[in-house]
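Novice: Take a look at this one; I'll ask things after.
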Amino acid sequence: MKNNLFIAFEGIDGSGKSTQVKLLTENLKKAGHKIYFTFEPTDSPIGSVIRNILNHRIEADHKTIAGLFLADRLDHLLNKTNGILKKLEEGFTVISDRYYFSSYAYHGAHMSIDWVIEANSLCADLLRPDLNIYIDVAPEIGIKRLNSGRNSADLFENIENLKKVKEKYFEAFEKLTSKEKVFITDGNRSSDLIADDILNEVLGIM
Ligand code: ADP
Ligand code: TYD
């Protein structure tokens, strides 16, 4: 048992990650915990290049994209002012909207998943999440939710891709079952029920 944790949220686009990250942050703060919320792609200069690729302003190969996410993640961990390792050292529980399982799933859908896992071992060696929370929804549901909020789609936000991404998430969970703690929650329920489920799981290891 330890009381300052690193928790990563995972799921396909539209699964409800941002909603749940917000609810967990609020619930833990209410319970008196010191929480730092963060996300990938980050808002660093590397993250900004990535967002320009995601919204079709810049074109790049999938291998290049995988490399950029790796660089963004290393900075996310190691940044001396607001890096995750620094925040953990300062006693915060850190909650991140996406971490390396996103790379395994999204890039593993277009290139060797083993290469992506191997490249990200740099990050795994620095910090493995105490808990990876996967919000499980069908790709059709994720797309429907996204489409009701806006009318343009980012690079990975189409049904065929999200089907592959979901498959790759489960392939990665299987491959890493002995190394990673993964909690899978049914994302097809109301936000409140999902939030209760997640809070119980997290409080169980705090
Ligand atoms: P993500 O960060 O995984 O893309 P969001 O949390 O932004 O997902 O949610 C995508 C959309 O779905 C938003 O409009 C949000 O209000 C809605 N949403 C989130 N969770 C649920 C839920 N459990 N049931 C129905 N709609 C939801
Ligand atoms: P995000 O802003 O979390 O999108 P959403 O809120 O719609 O889920 O992530 C942006 C996109 O970046 C998303 O399609 C997943 C993708 N992504 C990768 O391809 N590789 C990665 O390593 C990460 C962290 C995200």
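We label chains A, B, ... in the order they appear in the structure tokens, count residues from 1 in each chain, and number ligands from 1 in the order shown.
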Can you check which residues of region 38-129 of chain A DSSP gives as strand (DSSP E or B) on the backbone and send them as a ChimeraX atom specification?

Specialist: /A:38-39,93-97

Novice: Got time to write the residues from that selection, N, CA, C and O atoms, as a PDB file, in the first residue's frame?

Specialist:
```
ATOM      1  N   THR A  38      -3.090  15.272 -15.621  1.00  0.00           N
ATOM      2  CA  THR A  38      -2.313  15.559 -16.821  1.00  0.00           C
ATOM      3  C   THR A  38      -2.808  14.698 -17.994  1.00  0.00           C
ATOM      4  O   THR A  38      -3.706  13.881 -17.832  1.00  0.00           O
ATOM      5  N   PHE A  39      -2.216  14.893 -19.172  1.00  0.00           N
ATOM      6  CA  PHE A  39      -2.753  14.200 -20.359  1.00  0.00           C
ATOM      7  C   PHE A  39      -1.697  14.068 -21.458  1.00  0.00           C
ATOM      8  O   PHE A  39      -0.704  14.802 -21.474  1.00  0.00           O
ATOM      9  N   THR A  93      -0.677  12.478  -6.184  1.00  0.00           N
ATOM     10  CA  THR A  93      -1.135  11.336  -6.972  1.00  0.00           C
ATOM     11  C   THR A  93      -1.369  11.889  -8.365  1.00  0.00           C
ATOM     12  O   THR A  93      -2.040  12.916  -8.532  1.00  0.00           O
ATOM     13  N   VAL A  94      -0.761  11.254  -9.370  1.00  0.00           N
ATOM     14  CA  VAL A  94      -0.853  11.777 -10.732  1.00  0.00           C
ATOM     15  C   VAL A  94      -1.839  10.926 -11.534  1.00  0.00           C
ATOM     16  O   VAL A  94      -1.748   9.697 -11.542  1.00  0.00           O
ATOM     17  N   ILE A  95      -2.781  11.608 -12.185  1.00  0.00           N
ATOM     18  CA  ILE A  95      -3.768  10.929 -13.027  1.00  0.00           C
ATOM     19  C   ILE A  95      -3.575  11.421 -14.450  1.00  0.00           C
ATOM     20  O   ILE A  95      -3.639  12.619 -14.711  1.00  0.00           O
ATOM     21  N   SER A  96      -3.303  10.494 -15.370  1.00  0.00           N
ATOM     22  CA  SER A  96      -3.052  10.905 -16.751  1.00  0.00           C
ATOM     23  C   SER A  96      -4.124  10.362 -17.699  1.00  0.00           C
ATOM     24  O   SER A  96      -4.466   9.184 -17.664  1.00  0.00           O
ATOM     25  N   ASP A  97      -4.650  11.264 -18.546  1.00  0.00           N
ATOM     26  CA  ASP A  97      -5.562  10.879 -19.615  1.00  0.00           C
ATOM     27  C   ASP A  97      -4.661  10.370 -20.743  1.00  0.00           C
ATOM     28  O   ASP A  97      -4.103  11.158 -21.484  1.00  0.00           O
TER      29      ASP A  97
END
```

Novice: Per residue of chain A within 10 Å of ligand 1, record the nearest atom pair and its distance in Å to one decimal, counting only C-alpha atoms and all ligand atoms, with rows in chain order and ascending residue number, as CSV.

Specialist:
```
residue,atom,partner,partner_atom_place_in_ligand_line,distance
A:Phe9,CA,ligand 1,3 (O),8.9
A:Glu10,CA,ligand 1,3 (O),7.9
A:Gly11,CA,ligand 1,3 (O),6.2
A:Ile12,CA,ligand 1,3 (O),6.2
A:Asp13,CA,ligand 1,4 (O),4.2
A:Gly14,CA,ligand 1,4 (O),3.5
A:Ser15,CA,ligand 1,3 (O),3.9
A:Gly16,CA,ligand 1,6 (O),3.3
A:Lys17,CA,ligand 1,3 (O),3.7
A:Ser18,CA,ligand 1,2 (O),3.7
A:Thr19,CA,ligand 1,6 (O),3.7
A:Gln20,CA,ligand 1,6 (O),6.5
A:Val21,CA,ligand 1,6 (O),8.1
A:Lys22,CA,ligand 1,6 (O),8.6
A:Asp97,CA,ligand 1,2 (O),7.7
A:Arg98,CA,ligand 1,2 (O),9.2
A:Ile135,CA,ligand 1,3 (O),8.0
A:Asp136,CA,ligand 1,3 (O),9.9
A:Val137,CA,ligand 1,23 (N),9.3
A:Ile141,CA,ligand 1,12 (O),8.8
A:Gly142,CA,ligand 1,10 (C),7.1
A:Ile143,CA,ligand 1,10 (C),8.8
A:Lys144,CA,ligand 1,12 (O),8.3
A:Arg145,CA,ligand 1,12 (O),4.6
A:Leu146,CA,ligand 1,11 (C),5.6
A:Asn147,CA,ligand 1,11 (C),8.6
A:Ser148,CA,ligand 1,14 (O),7.0
A:Gly149,CA,ligand 1,14 (O),5.6
A:Arg150,CA,ligand 1,14 (O),9.1
A:Glu157,CA,ligand 1,4 (O),9.8
A:Asp186,CA,ligand 1,23 (N),9.1
A:Gly187,CA,ligand 1,23 (N),5.8
A:Asn188,CA,ligand 1,23 (N),5.9
A:Arg189,CA,ligand 1,23 (N),5.3
A:Ser190,CA,ligand 1,23 (N),4.3
A:Ser191,CA,ligand 1,23 (N),3.8
A:Asp192,CA,ligand 1,23 (N),7.5
A:Leu193,CA,ligand 1,23 (N),8.2
A:Ile194,CA,ligand 1,23 (N),6.9
A:Ala195,CA,ligand 1,23 (N),8.9
```

Novice: Let's have the selection written as a compact mmCIF listing (two decimals), in the first residue's frame, with C-alpha atoms.

Specialist:
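Generated output (part14.txt):
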```
# COMPACT_ATOMS: atom_id res chain seq x y z
CA PHE A 9 -6.72 6.18 -18.16
CA GLU A 10 -7.06 4.32 -21.44
CA GLY A 11 -9.74 3.69 -24.03
CA ILE A 12 -10.68 4.38 -27.62
CA ASP A 13 -11.74 7.89 -28.69
CA GLY A 14 -15.17 8.72 -27.26
CA SER A 15 -14.98 6.05 -24.53
CA GLY A 16 -15.50 8.66 -21.80
CA LYS A 17 -11.92 8.99 -20.52
CA SER A 18 -11.91 12.76 -20.13
CA THR A 19 -15.25 12.59 -18.29
CA GLN A 20 -13.96 9.90 -15.90
CA VAL A 21 -10.57 11.52 -15.32
CA LYS A 22 -12.39 14.66 -14.25
CA ASP A 97 -5.56 10.88 -19.62
CA ARG A 98 -3.60 8.32 -21.74
CA ILE A 135 -12.94 2.18 -20.22
CA ASP A 136 -14.49 -0.41 -22.47
CA VAL A 137 -16.98 0.68 -25.13
CA ILE A 141 -20.53 3.90 -29.44
CA GLY A 142 -17.28 5.89 -29.29
CA ILE A 143 -17.80 7.24 -32.82
CA LYS A 144 -21.44 8.07 -32.14
CA ARG A 145 -20.53 10.03 -29.01
CA LEU A 146 -17.78 11.93 -30.82
CA ASN A 147 -20.01 12.76 -33.78
CA SER A 148 -22.71 14.20 -31.59
CA GLY A 149 -20.24 16.74 -30.21
CA ARG A 150 -18.61 18.02 -33.46
CA GLU A 157 -11.31 8.68 -35.36
CA ASP A 186 -17.81 -1.30 -18.67
CA GLY A 187 -18.11 2.15 -20.27
CA ASN A 188 -21.60 1.56 -21.64
CA ARG A 189 -23.20 2.54 -18.32
CA SER A 190 -24.03 5.95 -16.91
CA SER A 191 -21.04 8.17 -16.04
CA ASP A 192 -21.92 8.03 -12.33
CA LEU A 193 -21.91 4.24 -12.16
CA ILE A 194 -18.59 4.06 -13.99
CA ALA A 195 -17.12 6.72 -11.69
```

Novice: Quick one: residues within 10 Å of region 3-7 of chain A, only C-alpha atoms, excluding same-chain residues fewer than 2 positions away - as a VMD selection string?

Specialist: chain A and resid 1 9 to 10 21 33 to 37 84 to 85 87 to 99 127 to 133 202 to 203 205 to 206

Novice: Give the helix (DSSP H, G or I) residues of chain A, as DSSP finds them on the backbone, and put them as a ChimeraX atom specification.

Specialist: /A:17-30,45-54,62-78,84-89,100-108,113-119,121-126,139-149,159-175,191-203

Novice: Rounded to one decimal, what separation in Å do you get between CA of Lys86 (chain A) and CA of Cys123 (chain A)?

Specialist: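 Atom-to-atom, CA of Lys86 (chain A) and CA of Cys123 (chain A) are spaced 14.6 Å apart.
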